[in-house]
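Q: For reference, the structure I am asking about is given below.
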Amino acid sequence: MEAMEDDSLGMNDDHNHNYCASRSRSRGGGSSSSSSSRCCKARTYPRSQLSDVTCPPVPGGEPATRRGKQLLRSTGSKFMDSDSGSESSEVSEADCTVPSAAAAAEGKFSLDSTSKFLLNAMAVEDYRKNHWPNLEKAIDRLLIQNPTDHISVSYAQIYSYVYKCVCQQHSELLYNDLTMKITNHLQQVSTGLQASPPEDFIENFNVVLTQYTASLQCIVPVFMYLNKFYIESKLNRDLREDLMKLFADHVAEIHVDTLMPLLLKAHSMPFQVQPSTMANVVKGLHSLRPDWAQLAPALFSGFIPQINPPAVESLLPDYAAHDQKLQLELSMNGFPRGDQSRKRASDDP
């Protein structure tokens, strides 16, 4: 019986539904066949993922399902290989795309950070060259002006510079420059007061205090945006209070030990210093530091109410004696009580 050879191509299905093509060679009369089957290893997909594959409609009326099957066949053929190394190589190439994407994102982040840094540096340079020099000149003119003088200053321009600085996120830088500028000015003022003679010290201190408070009436309004959006909202303070505190720290506190004995001496000798000057200096010191009233209660109580403790009924004779003593001192210094002809005889002299 002649030997017959037939080649048959069959499709075998395993438990994972992987179809493998095998070529079997059977010889007639033999129960066993020597088959050289080449079974390709294919990447397996769960049925849930296969059901989720959607394909767009194909022009020409081809159904999407049929197109999806062809797509699966074409993509599946890419994964079929006689060696498992090809599959791992494709996986490794897919995995390598993740670090490259992260590196690209990191490079983009560093590029964005560099651009932001450069833009910020350019903005700070513009502030140093254009905005702050103009503001500094205006502040100098406002600080040295006398209350009776008229200085031509463009408040709208100053207001515009402050507004731009705040909008460009330079509020902290502007606040530090402003306080430093005024601090340097007050240090120069304090040095000038040290050279004042004792007989003119009260008057000179009054001039300095009046000039500074008048300057703040112009400076604080034009820095309104800085005060509203930085000092009040972030520092929980007020611009005027901060600037008055600078005067108290760098001028008043340094000279209070010299000023207080001169004020007590002038208070004991009426009209040695103008009453308006005395009142302005004493009230100014109390507004700067209310605790300074305890250094001379009798002096501060003559200009500011409620400095002394409340009156006590048992001390009424002492109060009357103090008033009579004051009237006697005034009459002895050339201040008569006026016409006493119409005074009744029963009244006290």
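Chain lettering (A, B, ...) mirrors the order of the structure tokens, residue numbering begins at 1 for each chain separately, and ligand numbering begins at 1 in order of display.
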Using only C-alpha atoms, which protein or nucleic acid residues come within 10 Å of Val162 of chain A? Drop anything in the same chain fewer than 4 positions from it, and give the result as a PDB file with N, CA, C and O atoms, in the first residue's frame.

A:
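Contents of the output file result-v1.pdb:
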```
ATOM      1  N   HIS A 131       9.284 102.979  38.623  1.00  0.00           N
ATOM      2  CA  HIS A 131       8.224 103.305  39.582  1.00  0.00           C
ATOM      3  C   HIS A 131       8.779 103.927  40.870  1.00  0.00           C
ATOM      4  O   HIS A 131       8.373 105.024  41.269  1.00  0.00           O
ATOM      5  N   TRP A 132       9.691 103.220  41.537  1.00  0.00           N
ATOM      6  CA  TRP A 132      10.145 103.686  42.837  1.00  0.00           C
ATOM      7  C   TRP A 132      10.908 105.005  42.779  1.00  0.00           C
ATOM      8  O   TRP A 132      10.715 105.855  43.662  1.00  0.00           O
ATOM      9  N   LEU A 135       8.333 107.708  42.844  1.00  0.00           N
ATOM     10  CA  LEU A 135       7.674 107.765  44.149  1.00  0.00           C
ATOM     11  C   LEU A 135       8.601 108.360  45.209  1.00  0.00           C
ATOM     12  O   LEU A 135       8.163 109.121  46.079  1.00  0.00           O
ATOM     13  N   ALA A 156      -2.217 112.455  41.252  1.00  0.00           N
ATOM     14  CA  ALA A 156      -2.765 111.424  40.364  1.00  0.00           C
ATOM     15  C   ALA A 156      -1.654 110.529  39.820  1.00  0.00           C
ATOM     16  O   ALA A 156      -1.820 109.307  39.694  1.00  0.00           O
ATOM     17  N   GLN A 157      -0.501 111.112  39.533  1.00  0.00           N
ATOM     18  CA  GLN A 157       0.611 110.307  39.040  1.00  0.00           C
ATOM     19  C   GLN A 157       1.158 109.393  40.127  1.00  0.00           C
ATOM     20  O   GLN A 157       1.469 108.227  39.881  1.00  0.00           O
ATOM     21  N   ILE A 158       1.294 109.921  41.352  1.00  0.00           N
ATOM     22  CA  ILE A 158       1.752 109.087  42.464  1.00  0.00           C
ATOM     23  C   ILE A 158       0.766 107.947  42.712  1.00  0.00           C
ATOM     24  O   ILE A 158       1.151 106.787  42.904  1.00  0.00           O
ATOM     25  N   VAL A 166       1.092  97.706  43.138  1.00  0.00           N
ATOM     26  CA  VAL A 166       0.255  96.738  43.847  1.00  0.00           C
ATOM     27  C   VAL A 166      -0.277  95.678  42.880  1.00  0.00           C
ATOM     28  O   VAL A 166      -0.297  94.484  43.202  1.00  0.00           O
ATOM     29  N   CYS A 167      -0.666  96.096  41.675  1.00  0.00           N
ATOM     30  CA  CYS A 167      -1.195  95.139  40.696  1.00  0.00           C
ATOM     31  C   CYS A 167      -0.114  94.193  40.194  1.00  0.00           C
ATOM     32  O   CYS A 167      -0.417  93.056  39.813  1.00  0.00           O
ATOM     33  N   GLN A 168       1.139  94.619  40.184  1.00  0.00           N
ATOM     34  CA  GLN A 168       2.243  93.771  39.745  1.00  0.00           C
ATOM     35  C   GLN A 168       2.872  92.975  40.881  1.00  0.00           C
ATOM     36  O   GLN A 168       3.997  92.497  40.766  1.00  0.00           O
ATOM     37  N   HIS A 170       4.034  93.866  43.825  1.00  0.00           N
ATOM     38  CA  HIS A 170       5.194  94.469  44.477  1.00  0.00           C
ATOM     39  C   HIS A 170       4.793  95.187  45.778  1.00  0.00           C
ATOM     40  O   HIS A 170       5.456  96.135  46.189  1.00  0.00           O
ATOM     41  N   SER A 171       3.731  94.730  46.414  1.00  0.00           N
ATOM     42  CA  SER A 171       3.227  95.417  47.603  1.00  0.00           C
ATOM     43  C   SER A 171       4.235  95.355  48.752  1.00  0.00           C
ATOM     44  O   SER A 171       4.507  96.368  49.410  1.00  0.00           O
ATOM     45  N   LEU A 174       7.222  97.537  47.973  1.00  0.00           N
ATOM     46  CA  LEU A 174       6.875  98.949  48.085  1.00  0.00           C
ATOM     47  C   LEU A 174       6.733  99.372  49.540  1.00  0.00           C
ATOM     48  O   LEU A 174       7.185 100.461  49.928  1.00  0.00           O
ATOM     49  N   VAL A 222      -2.499 108.773  49.048  1.00  0.00           N
ATOM     50  CA  VAL A 222      -2.025 108.304  47.746  1.00  0.00           C
ATOM     51  C   VAL A 222      -1.535 106.860  47.811  1.00  0.00           C
ATOM     52  O   VAL A 222      -1.421 106.199  46.769  1.00  0.00           O
ATOM     53  N   PHE A 223      -1.266 106.362  48.994  1.00  0.00           N
ATOM     54  CA  PHE A 223      -0.895 104.951  49.167  1.00  0.00           C
ATOM     55  C   PHE A 223      -2.096 104.133  49.657  1.00  0.00           C
ATOM     56  O   PHE A 223      -1.930 103.155  50.379  1.00  0.00           O
ATOM     57  N   MET A 224      -3.278 104.535  49.245  1.00  0.00           N
ATOM     58  CA  MET A 224      -4.496 103.877  49.717  1.00  0.00           C
ATOM     59  C   MET A 224      -4.561 102.429  49.259  1.00  0.00           C
ATOM     60  O   MET A 224      -4.945 101.540  50.027  1.00  0.00           O
ATOM     61  N   TYR A 225      -4.176 102.162  48.007  1.00  0.00           N
ATOM     62  CA  TYR A 225      -4.224 100.782  47.505  1.00  0.00           C
ATOM     63  C   TYR A 225      -3.267  99.884  48.265  1.00  0.00           C
ATOM     64  O   TYR A 225      -3.586  98.732  48.565  1.00  0.00           O
ATOM     65  N   LEU A 226      -2.096 100.380  48.581  1.00  0.00           N
ATOM     66  CA  LEU A 226      -1.152  99.597  49.378  1.00  0.00           C
ATOM     67  C   LEU A 226      -1.710  99.325  50.762  1.00  0.00           C
ATOM     68  O   LEU A 226      -1.571  98.228  51.307  1.00  0.00           O
TER      69      LEU A 226
END
```

Q: Residues within 10 Å of His185 of chain A, please, as a PyMOL selection string. Count only C-alpha atoms; anything in the same chain fewer than 2 positions from it doesn't count.

A: chain A and resi 140+143-144+179-183+187-190+247+250

Q: Applying 12 Å and only C-alpha atoms, which residues near Asn280 of chain A remain after dropping the ones on its own chain fewer than 2 positions away? List them as a PDB file with N, CA, C and O atoms, in the first residue's frame.

A:
```pdb
ATOM      1  N   ILE A 202      11.396 123.026  72.652  1.00  0.00           N
ATOM      2  CA  ILE A 202       9.959 122.728  72.583  1.00  0.00           C
ATOM      3  C   ILE A 202       9.378 123.237  71.272  1.00  0.00           C
ATOM      4  O   ILE A 202       8.587 122.544  70.608  1.00  0.00           O
ATOM      5  N   GLU A 203       9.767 124.437  70.885  1.00  0.00           N
ATOM      6  CA  GLU A 203       9.254 125.000  69.640  1.00  0.00           C
ATOM      7  C   GLU A 203       9.722 124.185  68.428  1.00  0.00           C
ATOM      8  O   GLU A 203       8.926 123.925  67.517  1.00  0.00           O
ATOM      9  N   PHE A 205      10.608 121.023  68.383  1.00  0.00           N
ATOM     10  CA  PHE A 205       9.924 119.734  68.394  1.00  0.00           C
ATOM     11  C   PHE A 205       8.504 119.879  67.867  1.00  0.00           C
ATOM     12  O   PHE A 205       8.006 119.006  67.135  1.00  0.00           O
ATOM     13  N   ASN A 206       7.849 120.965  68.204  1.00  0.00           N
ATOM     14  CA  ASN A 206       6.498 121.198  67.710  1.00  0.00           C
ATOM     15  C   ASN A 206       6.486 121.371  66.191  1.00  0.00           C
ATOM     16  O   ASN A 206       5.581 120.874  65.508  1.00  0.00           O
ATOM     17  N   VAL A 207       7.494 122.054  65.657  1.00  0.00           N
ATOM     18  CA  VAL A 207       7.573 122.235  64.206  1.00  0.00           C
ATOM     19  C   VAL A 207       7.764 120.893  63.508  1.00  0.00           C
ATOM     20  O   VAL A 207       7.124 120.599  62.490  1.00  0.00           O
ATOM     21  N   VAL A 208       8.644 120.071  64.057  1.00  0.00           N
ATOM     22  CA  VAL A 208       8.903 118.755  63.460  1.00  0.00           C
ATOM     23  C   VAL A 208       7.648 117.882  63.500  1.00  0.00           C
ATOM     24  O   VAL A 208       7.296 117.219  62.504  1.00  0.00           O
ATOM     25  N   LEU A 209       6.972 117.868  64.629  1.00  0.00           N
ATOM     26  CA  LEU A 209       5.767 117.051  64.764  1.00  0.00           C
ATOM     27  C   LEU A 209       4.657 117.537  63.836  1.00  0.00           C
ATOM     28  O   LEU A 209       3.984 116.729  63.179  1.00  0.00           O
ATOM     29  N   THR A 210       4.477 118.858  63.753  1.00  0.00           N
ATOM     30  CA  THR A 210       3.429 119.409  62.894  1.00  0.00           C
ATOM     31  C   THR A 210       3.715 119.132  61.429  1.00  0.00           C
ATOM     32  O   THR A 210       2.808 118.774  60.656  1.00  0.00           O
ATOM     33  N   THR A 213       3.086 115.269  60.661  1.00  0.00           N
ATOM     34  CA  THR A 213       1.662 114.908  60.607  1.00  0.00           C
ATOM     35  C   THR A 213       0.995 115.502  59.367  1.00  0.00           C
ATOM     36  O   THR A 213       0.103 114.870  58.776  1.00  0.00           O
ATOM     37  N   LEU A 263       9.053 120.834  79.436  1.00  0.00           N
ATOM     38  CA  LEU A 263       7.609 121.047  79.457  1.00  0.00           C
ATOM     39  C   LEU A 263       7.118 121.349  80.877  1.00  0.00           C
ATOM     40  O   LEU A 263       6.249 122.225  81.079  1.00  0.00           O
ATOM     41  N   VAL A 273       5.978 129.620  77.041  1.00  0.00           N
ATOM     42  CA  VAL A 273       5.799 129.018  75.724  1.00  0.00           C
ATOM     43  C   VAL A 273       4.349 129.247  75.316  1.00  0.00           C
ATOM     44  O   VAL A 273       3.443 129.276  76.165  1.00  0.00           O
ATOM     45  N   GLN A 274       4.134 129.452  74.052  1.00  0.00           N
ATOM     46  CA  GLN A 274       2.778 129.692  73.565  1.00  0.00           C
ATOM     47  C   GLN A 274       1.845 128.551  73.986  1.00  0.00           C
ATOM     48  O   GLN A 274       2.198 127.366  73.878  1.00  0.00           O
ATOM     49  N   PRO A 275       0.647 128.876  74.493  1.00  0.00           N
ATOM     50  CA  PRO A 275      -0.286 127.811  74.918  1.00  0.00           C
ATOM     51  C   PRO A 275      -0.623 126.829  73.799  1.00  0.00           C
ATOM     52  O   PRO A 275      -0.780 125.629  74.047  1.00  0.00           O
ATOM     53  N   SER A 276      -0.734 127.352  72.577  1.00  0.00           N
ATOM     54  CA  SER A 276      -1.035 126.445  71.459  1.00  0.00           C
ATOM     55  C   SER A 276       0.109 125.454  71.224  1.00  0.00           C
ATOM     56  O   SER A 276      -0.134 124.277  70.912  1.00  0.00           O
ATOM     57  N   THR A 277       1.346 125.926  71.383  1.00  0.00           N
ATOM     58  CA  THR A 277       2.497 125.032  71.219  1.00  0.00           C
ATOM     59  C   THR A 277       2.522 123.977  72.315  1.00  0.00           C
ATOM     60  O   THR A 277       2.768 122.782  72.055  1.00  0.00           O
ATOM     61  N   MET A 278       2.278 124.423  73.561  1.00  0.00           N
ATOM     62  CA  MET A 278       2.252 123.470  74.675  1.00  0.00           C
ATOM     63  C   MET A 278       1.169 122.410  74.472  1.00  0.00           C
ATOM     64  O   MET A 278       1.400 121.213  74.660  1.00  0.00           O
ATOM     65  N   VAL A 282       1.976 118.384  73.998  1.00  0.00           N
ATOM     66  CA  VAL A 282       1.491 117.447  75.015  1.00  0.00           C
ATOM     67  C   VAL A 282       0.493 116.462  74.412  1.00  0.00           C
ATOM     68  O   VAL A 282       0.558 115.245  74.669  1.00  0.00           O
ATOM     69  N   LYS A 283      -0.436 116.962  73.593  1.00  0.00           N
ATOM     70  CA  LYS A 283      -1.400 116.058  72.962  1.00  0.00           C
ATOM     71  C   LYS A 283      -0.720 115.112  71.968  1.00  0.00           C
ATOM     72  O   LYS A 283      -1.129 113.950  71.841  1.00  0.00           O
ATOM     73  N   GLY A 284       0.309 115.621  71.300  1.00  0.00           N
ATOM     74  CA  GLY A 284       1.035 114.757  70.376  1.00  0.00           C
ATOM     75  C   GLY A 284       1.760 113.632  71.086  1.00  0.00           C
ATOM     76  O   GLY A 284       1.753 112.480  70.625  1.00  0.00           O
ATOM     77  N   LEU A 285       2.400 113.949  72.201  1.00  0.00           N
ATOM     78  CA  LEU A 285       3.074 112.906  72.975  1.00  0.00           C
ATOM     79  C   LEU A 285       2.082 111.864  73.493  1.00  0.00           C
ATOM     80  O   LEU A 285       2.373 110.662  73.501  1.00  0.00           O
ATOM     81  N   HIS A 286       0.923 112.327  73.926  1.00  0.00           N
ATOM     82  CA  HIS A 286      -0.075 111.384  74.438  1.00  0.00           C
ATOM     83  C   HIS A 286      -0.617 110.488  73.330  1.00  0.00           C
ATOM     84  O   HIS A 286      -0.910 109.298  73.568  1.00  0.00           O
ATOM     85  N   SER A 287      -0.784 111.037  72.130  1.00  0.00           N
ATOM     86  CA  SER A 287      -1.271 110.211  71.016  1.00  0.00           C
ATOM     87  C   SER A 287      -0.232 109.183  70.582  1.00  0.00           C
ATOM     88  O   SER A 287      -0.579 108.083  70.138  1.00  0.00           O
ATOM     89  N   PHE A 300      -0.079 116.616  81.892  1.00  0.00           N
ATOM     90  CA  PHE A 300      -0.989 116.078  80.882  1.00  0.00           C
ATOM     91  C   PHE A 300      -2.449 116.323  81.246  1.00  0.00           C
ATOM     92  O   PHE A 300      -3.284 116.472  80.358  1.00  0.00           O
ATOM     93  N   PHE A 303      -4.218 119.431  79.791  1.00  0.00           N
ATOM     94  CA  PHE A 303      -4.566 119.497  78.377  1.00  0.00           C
ATOM     95  C   PHE A 303      -5.412 118.325  77.905  1.00  0.00           C
ATOM     96  O   PHE A 303      -6.082 118.433  76.873  1.00  0.00           O
ATOM     97  N   ILE A 304      -5.391 117.231  78.638  1.00  0.00           N
ATOM     98  CA  ILE A 304      -6.115 116.033  78.217  1.00  0.00           C
ATOM     99  C   ILE A 304      -7.027 115.606  79.360  1.00  0.00           C
ATOM    100  O   ILE A 304      -6.573 115.477  80.503  1.00  0.00           O
TER     101      ILE A 304
END
```

Q: I'd like to know which residues of segment 94-316 of chain A are helix (DSSP H, G or I) (by DSSP, run on the backbone); could you write them as a PyMOL selection string?

A: chain A and resi 94-143+155-167+171-194+198-222+224-231+239-268+275-288+290-295+297-301+313-316

Q: When distances are computed from only C-alpha atoms, which of A:Tyr155, A:Tyr230, A:Pro197, A:Pro221 shows the smallest separation from Glu172 of chain A?

A: A:Tyr230

Q: Using only C-alpha atoms, which of the listed residues (A:Met244, A:Ala296, A:Leu142, A:Val251) sits closest to His267 of chain A?

A: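 Among the listed residues, the smallest separation from His267 of chain A belongs to A:Ala296.
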
Q: Expressed in Å to a single decimal, how great is the separation between atom CA of Gln211 of chain A and atom CA of Val281 of chain A?

A: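 That distance, rounded to one decimal, is 12.5 Å.
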
Q: Could you check the closest approach to Gln272 of chain A for each of A:Ser314, A:Asn333, A:Gln194, A:Asn236 and tell me which residue wins, using only C-alpha atoms?

A: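 Smallest separation from Gln272 of chain A among the options: A:Asn333.
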